[in-house]
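**Student:** For reference, the structure I am asking about is given below.
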Amino acid sequence: MRIVIHDADAQAYQRLLQAAFPDAEVLTYESAGAAPADYLAVFRPPEALLAAQGPSLKAILNLGAGVDALLDSPALPKAVPVVKLRDAGMAPLMLDYVLYALLHFSRDFDRYARQSREARWQLHLPQSRAAWPVGVLGLGAIGAQVAQGLARHGFPVRAHSRSPKRLEGVECLHGDEGFDQLLARSRVLVNILPSTPATRGLLNRDTLSRLPQGAVLINPGRGTAVVLDELVELLDAGHLRGAALDVFPAEPLPPESPLWRHPKLLITPHAAAPTPVEEAARQLIDTIHAFERGEAPPSVDANAGY
């Protein structure tokens, strides 16, 4: 069995997979190059690696929750199943990020930061968490845990998904009517949707203007969901109070981008939920064992995009 790994943490994955499969040939892309494999464990792989695959390839294991870059590659072997990580320890990190960004605005730390630069001493009395209803877009493995985690912290939480779902402590909405309700009733909107044809550009002037006056956007999901120019227009017009952006349509965000210097933006470098290697490797090992037993683990629906 031959496993080829392409990832920033490829050597760490190599050690863990080699220990789990001592008789296998486990190689990094740096050492193997564009060579055929039985399994690819990859994140944003080069087209040359995908194009080099032949009939021996049993599965592509995506080292992340987002599969848009992989599905968009013209070299992707269409008949080969793609299996993505399901949480793998990312959900608690994502919850940390969302909670931090939520407190940044709900406890007026954005205002205190501006006051500090102006040497201005002014107290803002905290509002109750009930005054900060949160809307979560996306109820996959990570989104569901984020929604319930925020609810446990005392925030009123509504969440939207394509199909009906039930989560304890969370008001679940679905469909177009549910989406409209979520926007109208969310002082904070959190995007954890995957990047698909249906979600790209979803958060634009029209949809974001349906949020209440003074609302906040938190986007640790996918950068393609937000039309950045239109978000900035709503920030400048005062309709939105601020936004925390962790992901962007093109990364890294160029140093010359005016977004870095916008006073109402909190920008982080795709840092919300880095993949924990050991937990991800355990999923990879279980998945490969399943394929070797002749089973078919749940794979990505290329048409849906996740």
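Residues are referred to by chain and number: the chain letter is A, B, ... according to the order shown in the structure tokens, the number counts from 1 in that chain, and ligands are numbered separately from 1 in the order shown.
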Using only C-alpha atoms, which residues sit within 12 Å of Glu30 in chain A once same-chain residues fewer than 4 positions away are excluded, as a PyMOL selection string?
**Tutor:** chain A and resi 4-11+14+26+34-35+45-46+49
**Student:** Leaving out range 129-131 of chain A and any residue of its chain fewer than 6 positions from it, which residues lie within 9 Å of it when counting only C-alpha atoms, given as number ranges by chain?
**Tutor:** A: 106, 153-156, 187
**Student:** Deliver the residues from the most recent selection as a file, using N, CA and C atoms, as a PDB file, in the first residue's frame.
**Tutor:**
ATOM      1  N   SER A 106     -19.750  42.284  21.789  1.00  0.00           N
ATOM      2  CA  SER A 106     -20.820  42.381  22.786  1.00  0.00           C
ATOM      3  C   SER A 106     -20.349  43.018  24.083  1.00  0.00           C
ATOM      4  N   HIS A 153     -23.271  29.113  26.605  1.00  0.00           N
ATOM      5  CA  HIS A 153     -22.704  30.327  27.199  1.00  0.00           C
ATOM      6  C   HIS A 153     -23.764  31.402  27.433  1.00  0.00           C
ATOM      7  N   GLY A 154     -25.017  31.076  27.193  1.00  0.00           N
ATOM      8  CA  GLY A 154     -26.100  31.982  27.545  1.00  0.00           C
ATOM      9  C   GLY A 154     -26.611  32.878  26.447  1.00  0.00           C
ATOM     10  N   PHE A 155     -26.123  32.710  25.225  1.00  0.00           N
ATOM     11  CA  PHE A 155     -26.611  33.524  24.114  1.00  0.00           C
ATOM     12  C   PHE A 155     -27.826  32.855  23.465  1.00  0.00           C
ATOM     13  N   PRO A 156     -28.842  33.630  23.086  1.00  0.00           N
ATOM     14  CA  PRO A 156     -29.939  33.053  22.306  1.00  0.00           C
ATOM     15  C   PRO A 156     -29.416  32.683  20.915  1.00  0.00           C
ATOM     16  N   ARG A 187     -28.527  39.608  15.851  1.00  0.00           N
ATOM     17  CA  ARG A 187     -27.639  40.750  16.076  1.00  0.00           C
ATOM     18  C   ARG A 187     -26.201  40.391  15.693  1.00  0.00           C
TER      19      ARG A 187
END
**Student:** Can you list, as a list in words, every protein, DNA or RNA residue that comes within 7 Å of range 60-62 of chain A when you count only C-alpha atoms, leaving out same-chain residues fewer than 2 positions away?
**Tutor:** Tyr39, Leu40, Ala41, Val42, Phe43, Gly64, Val67, Pro81, Val82, Val83, Lys84 and Leu85 of chain A
**Student:** Mind dumping the selected residues with C-alpha atoms as a PDB file, in the first residue's frame?
**Tutor:**
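Result file result-v4.pdb:
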ATOM      1  CA  TYR A  39      -4.357   6.744  -0.989  1.00  0.00           C
ATOM      2  CA  LEU A  40      -3.747  10.488  -1.165  1.00  0.00           C
ATOM      3  CA  ALA A  41      -3.913  12.433   2.111  1.00  0.00           C
ATOM      4  CA  VAL A  42      -3.904  16.018   0.914  1.00  0.00           C
ATOM      5  CA  PHE A  43      -4.916  19.625   1.406  1.00  0.00           C
ATOM      6  CA  GLY A  64      -9.465  19.654   6.333  1.00  0.00           C
ATOM      7  CA  VAL A  67     -13.091  20.561   0.076  1.00  0.00           C
ATOM      8  CA  PRO A  81     -14.241   8.914  -3.521  1.00  0.00           C
ATOM      9  CA  VAL A  82     -13.205  12.004  -1.569  1.00  0.00           C
ATOM     10  CA  VAL A  83     -13.428  11.706   2.213  1.00  0.00           C
ATOM     11  CA  LYS A  84     -13.090  14.820   4.347  1.00  0.00           C
ATOM     12  CA  LEU A  85     -12.328  15.219   8.025  1.00  0.00           C
TER      13      LEU A  85
END
**Student:** Which of these residues is nearest to Gln181 in chain A, using only C-alpha atoms: A:Leu253, A:Ala12, A:Leu150, A:Val136?
**Tutor:** A:Val136
**Student:** Can you work out which one of A:Leu211, A:Ala244, A:Gly138, A:Arg205 has the shortest atom-to-atom distance to Leu231 in chain A, counting only C-alpha atoms?
**Tutor:** A:Arg205
**Student:** Residues near Val227 in chain A, anyone? I mean within 9 Å using only C-alpha atoms, not counting same-chain ones fewer than 6 positions away, as an NGL selection string.
**Tutor:** :A and (200-205)
**Student:** In Å, how far is it from CA of Gly143 in chain A to CA of Ile288 in chain A?
**Tutor:** 25.8 Å
**Student:** What lies within 12 Å of Pro126 in chain A using only C-alpha atoms, ignoring chain neighbours under 6 positions off, as a PDB file with C-alpha atoms, in the first residue's frame?
**Tutor:**
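Full text of out28.pdb as output:
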ATOM      1  CA  LEU A 103     -17.298  39.003  23.122  1.00  0.00           C
ATOM      2  CA  HIS A 104     -15.099  41.472  21.229  1.00  0.00           C
ATOM      3  CA  PHE A 105     -18.246  43.246  20.096  1.00  0.00           C
ATOM      4  CA  SER A 106     -20.820  42.381  22.786  1.00  0.00           C
ATOM      5  CA  ARG A 107     -18.516  43.563  25.597  1.00  0.00           C
ATOM      6  CA  ASP A 108     -17.525  46.706  23.622  1.00  0.00           C
ATOM      7  CA  PHE A 109     -13.866  45.761  23.225  1.00  0.00           C
ATOM      8  CA  TRP A 132     -27.178  39.524  21.666  1.00  0.00           C
TER       9      TRP A 132
END
**Student:** Going by DSSP on the backbone, which residues of range 191-285 of chain A come out as helix (DSSP H, G or I)? List them as a short mmCIF file (atom, residue, chain, number, x, y, z; two decimals) with N, CA, C and O atoms, in the first residue's frame.
**Tutor:**
data_model
loop_
_atom_site.label_atom_id
_atom_site.label_comp_id
_atom_site.auth_asym_id
_atom_site.auth_seq_id
_atom_site.Cartn_x
_atom_site.Cartn_y
_atom_site.Cartn_z
N ARG A 205 -24.65 42.68 -0.23
CA ARG A 205 -25.36 43.89 0.19
C ARG A 205 -26.81 43.58 0.55
O ARG A 205 -27.34 44.05 1.56
N ASP A 206 -27.47 42.78 -0.27
CA ASP A 206 -28.88 42.48 -0.05
C ASP A 206 -29.09 41.70 1.24
O ASP A 206 -29.90 42.08 2.08
N THR A 207 -28.37 40.60 1.41
CA THR A 207 -28.61 39.76 2.58
C THR A 207 -28.10 40.42 3.86
O THR A 207 -28.79 40.40 4.89
N LEU A 208 -26.92 41.03 3.82
CA LEU A 208 -26.39 41.65 5.04
C LEU A 208 -27.20 42.88 5.46
O LEU A 208 -27.26 43.19 6.65
N GLY A 223 -14.15 32.14 2.82
CA GLY A 223 -14.05 33.52 2.36
C GLY A 223 -14.92 33.82 1.17
O GLY A 223 -15.31 34.98 0.96
N THR A 224 -15.24 32.79 0.38
CA THR A 224 -16.05 33.03 -0.82
C THR A 224 -17.49 33.38 -0.50
O THR A 224 -18.22 33.83 -1.39
N ALA A 225 -17.92 33.20 0.74
CA ALA A 225 -19.31 33.50 1.09
C ALA A 225 -19.60 34.98 1.14
O ALA A 225 -20.75 35.40 0.95
N LEU A 228 -16.86 41.17 -0.25
CA LEU A 228 -16.15 42.07 0.67
C LEU A 228 -16.44 43.54 0.40
O LEU A 228 -16.62 44.33 1.34
N ASP A 229 -16.49 43.95 -0.86
CA ASP A 229 -16.75 45.37 -1.17
C ASP A 229 -18.10 45.80 -0.62
O ASP A 229 -18.25 46.92 -0.10
N GLU A 230 -19.09 44.91 -0.72
CA GLU A 230 -20.44 45.26 -0.26
C GLU A 230 -20.52 45.22 1.27
O GLU A 230 -21.26 46.01 1.87
N LEU A 231 -19.75 44.33 1.90
CA LEU A 231 -19.66 44.35 3.35
C LEU A 231 -19.08 45.69 3.82
O LEU A 231 -19.61 46.31 4.75
N VAL A 232 -18.02 46.14 3.19
CA VAL A 232 -17.38 47.41 3.58
C VAL A 232 -18.35 48.58 3.40
O VAL A 232 -18.39 49.50 4.23
N GLU A 233 -19.13 48.55 2.33
CA GLU A 233 -20.12 49.62 2.13
C GLU A 233 -21.08 49.70 3.32
O GLU A 233 -21.41 50.80 3.79
N LEU A 234 -21.53 48.56 3.80
CA LEU A 234 -22.47 48.55 4.92
C LEU A 234 -21.80 48.94 6.23
O LEU A 234 -22.43 49.53 7.10
N LEU A 235 -20.52 48.63 6.37
CA LEU A 235 -19.77 49.09 7.54
C LEU A 235 -19.61 50.61 7.51
O LEU A 235 -19.84 51.30 8.51
N ASP A 236 -19.24 51.12 6.34
CA ASP A 236 -19.02 52.56 6.21
C ASP A 236 -20.31 53.36 6.37
O ASP A 236 -20.30 54.49 6.87
N PRO A 258 -6.85 47.28 1.71
CA PRO A 258 -7.37 48.27 2.68
C PRO A 258 -8.12 47.63 3.83
O PRO A 258 -8.37 48.29 4.84
N LEU A 259 -8.47 46.36 3.70
CA LEU A 259 -9.19 45.69 4.79
C LEU A 259 -8.37 45.67 6.07
O LEU A 259 -8.92 45.77 7.17
N TRP A 260 -7.05 45.53 5.94
CA TRP A 260 -6.20 45.51 7.13
C TRP A 260 -6.38 46.77 7.98
O TRP A 260 -6.26 46.72 9.21
N ARG A 261 -6.63 47.87 7.33
CA ARG A 261 -6.66 49.15 8.04
C ARG A 261 -8.07 49.66 8.31
O ARG A 261 -8.24 50.77 8.81
N VAL A 277 -3.29 17.66 14.21
CA VAL A 277 -2.73 16.57 13.40
C VAL A 277 -3.04 15.20 14.00
O VAL A 277 -3.44 14.28 13.28
N GLU A 278 -2.87 15.03 15.31
CA GLU A 278 -3.04 13.70 15.89
C GLU A 278 -4.48 13.21 15.76
O GLU A 278 -4.72 12.05 15.42
N GLU A 279 -5.44 14.10 16.03
CA GLU A 279 -6.84 13.69 15.90
C GLU A 279 -7.20 13.44 14.44
O GLU A 279 -7.94 12.50 14.12
N ALA A 280 -6.68 14.28 13.54
CA ALA A 280 -6.95 14.06 12.12
C ALA A 280 -6.34 12.75 11.65
O ALA A 280 -6.95 12.00 10.88
N ALA A 281 -5.12 12.45 12.11
CA ALA A 281 -4.47 11.21 11.70
C ALA A 281 -5.27 9.99 12.15
O ALA A 281 -5.36 8.99 11.42
N ARG A 282 -5.88 10.06 13.34
CA ARG A 282 -6.71 8.93 13.79
C ARG A 282 -7.87 8.70 12.84
O ARG A 282 -8.23 7.56 12.54
N GLN A 283 -8.48 9.80 12.35
CA GLN A 283 -9.56 9.64 11.37
C GLN A 283 -9.04 9.04 10.07
O GLN A 283 -9.68 8.18 9.47
N LEU A 284 -7.87 9.49 9.62
CA LEU A 284 -7.29 8.95 8.39
C LEU A 284 -7.05 7.44 8.53
O LEU A 284 -7.36 6.66 7.62
N ILE A 285 -6.49 7.05 9.66
CA ILE A 285 -6.18 5.64 9.89
C ILE A 285 -7.46 4.81 9.88
O ILE A 285 -7.53 3.75 9.24
#
**Student:** Restricting the calculation to only C-alpha atoms, which member of A:Leu139, A:Leu193, A:Val188, A:Val146 is positioned closest to Pro164 in chain A?
**Tutor:**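 Closest to Pro164 in chain A of all the choices is A:Leu139.
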**Student:** As a compact mmCIF listing (two decimals) with all heavy atoms, in the first residue's frame, please: every residue in range 161-202 of chain A that a backbone DSSP assignment puts in strand (DSSP E).
**Tutor:**
# COMPACT_ATOMS: atom_id res chain seq x y z
N SER A 161 -30.02 25.63 8.27
CA SER A 161 -29.44 24.59 7.42
C SER A 161 -30.38 24.37 6.24
O SER A 161 -31.52 24.83 6.23
CB SER A 161 -29.25 23.29 8.21
OG SER A 161 -30.48 22.86 8.77
N GLU A 171 -32.66 27.09 18.30
CA GLU A 171 -33.82 27.16 17.41
C GLU A 171 -33.33 26.92 15.98
O GLU A 171 -32.57 27.72 15.44
CB GLU A 171 -34.50 28.52 17.50
CG GLU A 171 -35.73 28.64 16.60
CD GLU A 171 -36.38 30.00 16.66
OE1 GLU A 171 -36.02 30.80 17.56
OE2 GLU A 171 -37.25 30.28 15.81
N CYS A 172 -33.76 25.83 15.38
CA CYS A 172 -33.28 25.44 14.05
C CYS A 172 -34.27 25.87 12.97
O CYS A 172 -35.47 25.62 13.08
CB CYS A 172 -33.06 23.93 13.98
SG CYS A 172 -31.74 23.36 15.06
N LEU A 173 -33.75 26.53 11.96
CA LEU A 173 -34.54 27.02 10.83
C LEU A 173 -33.99 26.41 9.55
O LEU A 173 -32.84 25.97 9.50
CB LEU A 173 -34.48 28.54 10.77
CG LEU A 173 -34.88 29.30 12.04
CD1 LEU A 173 -34.49 30.76 11.92
CD2 LEU A 173 -36.36 29.15 12.31
N HIS A 174 -34.81 26.41 8.51
CA HIS A 174 -34.33 25.90 7.23
C HIS A 174 -35.12 26.55 6.10
O HIS A 174 -36.15 27.17 6.32
CB HIS A 174 -34.47 24.36 7.17
CG HIS A 174 -35.89 23.89 7.11
ND1 HIS A 174 -36.68 23.80 8.25
CD2 HIS A 174 -36.68 23.50 6.06
CE1 HIS A 174 -37.88 23.36 7.91
NE2 HIS A 174 -37.91 23.19 6.60
N VAL A 188 -25.92 39.11 15.72
CA VAL A 188 -24.62 38.59 15.30
C VAL A 188 -24.87 37.44 14.33
O VAL A 188 -25.62 36.52 14.64
CB VAL A 188 -23.79 38.09 16.50
CG1 VAL A 188 -22.45 37.52 16.03
CG2 VAL A 188 -23.58 39.19 17.51
N LEU A 189 -24.23 37.50 13.17
CA LEU A 189 -24.37 36.44 12.18
C LEU A 189 -23.03 35.73 12.06
O LEU A 189 -21.99 36.36 11.80
CB LEU A 189 -24.77 37.01 10.82
CG LEU A 189 -25.00 35.99 9.71
CD1 LEU A 189 -26.21 35.10 10.02
CD2 LEU A 189 -25.19 36.69 8.36
N VAL A 190 -23.04 34.40 12.24
CA VAL A 190 -21.83 33.58 12.18
C VAL A 190 -21.93 32.66 10.97
O VAL A 190 -22.88 31.88 10.86
CB VAL A 190 -21.66 32.74 13.47
CG1 VAL A 190 -20.39 31.90 13.38
CG2 VAL A 190 -21.64 33.63 14.70
N ASN A 191 -20.96 32.75 10.07
CA ASN A 191 -20.98 31.91 8.88
C ASN A 191 -20.01 30.74 9.03
O ASN A 191 -18.81 30.92 9.17
CB ASN A 191 -20.58 32.71 7.64
CG ASN A 191 -20.49 31.80 6.43
OD1 ASN A 191 -21.43 31.09 6.09
ND2 ASN A 191 -19.34 31.78 5.77
**Student:** So, with only C-alpha atoms as the atoms that count, which of A:Pro77, A:Pro276, A:Pro133, A:Gly54 lies closest to Tyr13 in chain A?
**Tutor:**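 Under the stated criterion, the closest residue is A:Pro276.
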**Student:** Out of A:Gln53, A:Thr199, A:Ser73, A:Ser186, which residue has the shortest atom-to-atom distance to Gly214 in chain A when counting only C-alpha atoms?
**Tutor:**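 Smallest separation from Gly214 in chain A among the options: A:Ser186.
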**Student:** Report the distance between CA of Asp38 in chain A and CA of Leu71 in chain A in Å, rounded to one decimal place.
**Tutor:**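 Rounded to one decimal, the two atoms are 19.0 Å apart.
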**Student:** Rounded to one decimal place, report the CA of Leu183 in chain A-CA of Gln127 in chain A distance in Å.
**Tutor:** 20.9 Å
**Student:** Hey, which bits of range 53-129 of chain A sit within 10 Å of range 216-221 of chain A, and for each residue what's the closest pair of atoms and how far apart in Å (one decimal), counting only C-alpha atoms, rows by chain and increasing number, as a Markdown table?
**Tutor:**
| residue | atom | partner | partner_atom | distance |
| --- | --- | --- | --- | --- |
| A:Ala65 | CA | A:Gly221 | CA | 9.8 |
| A:Gly66 | CA | A:Gly221 | CA | 8.7 |
| A:Met94 | CA | A:Pro220 | CA | 7.6 |
| A:Leu95 | CA | A:Pro220 | CA | 10.0 |
| A:Tyr97 | CA | A:Pro220 | CA | 7.9 |
| A:Val98 | CA | A:Ile218 | CA | 7.0 |
| A:Leu99 | CA | A:Ile218 | CA | 9.9 |
| A:Ala101 | CA | A:Ile218 | CA | 7.0 |
| A:Leu102 | CA | A:Ile218 | CA | 7.8 |
| A:Phe105 | CA | A:Val216 | CA | 7.7 |
| A:Ser106 | CA | A:Val216 | CA | 9.4 |
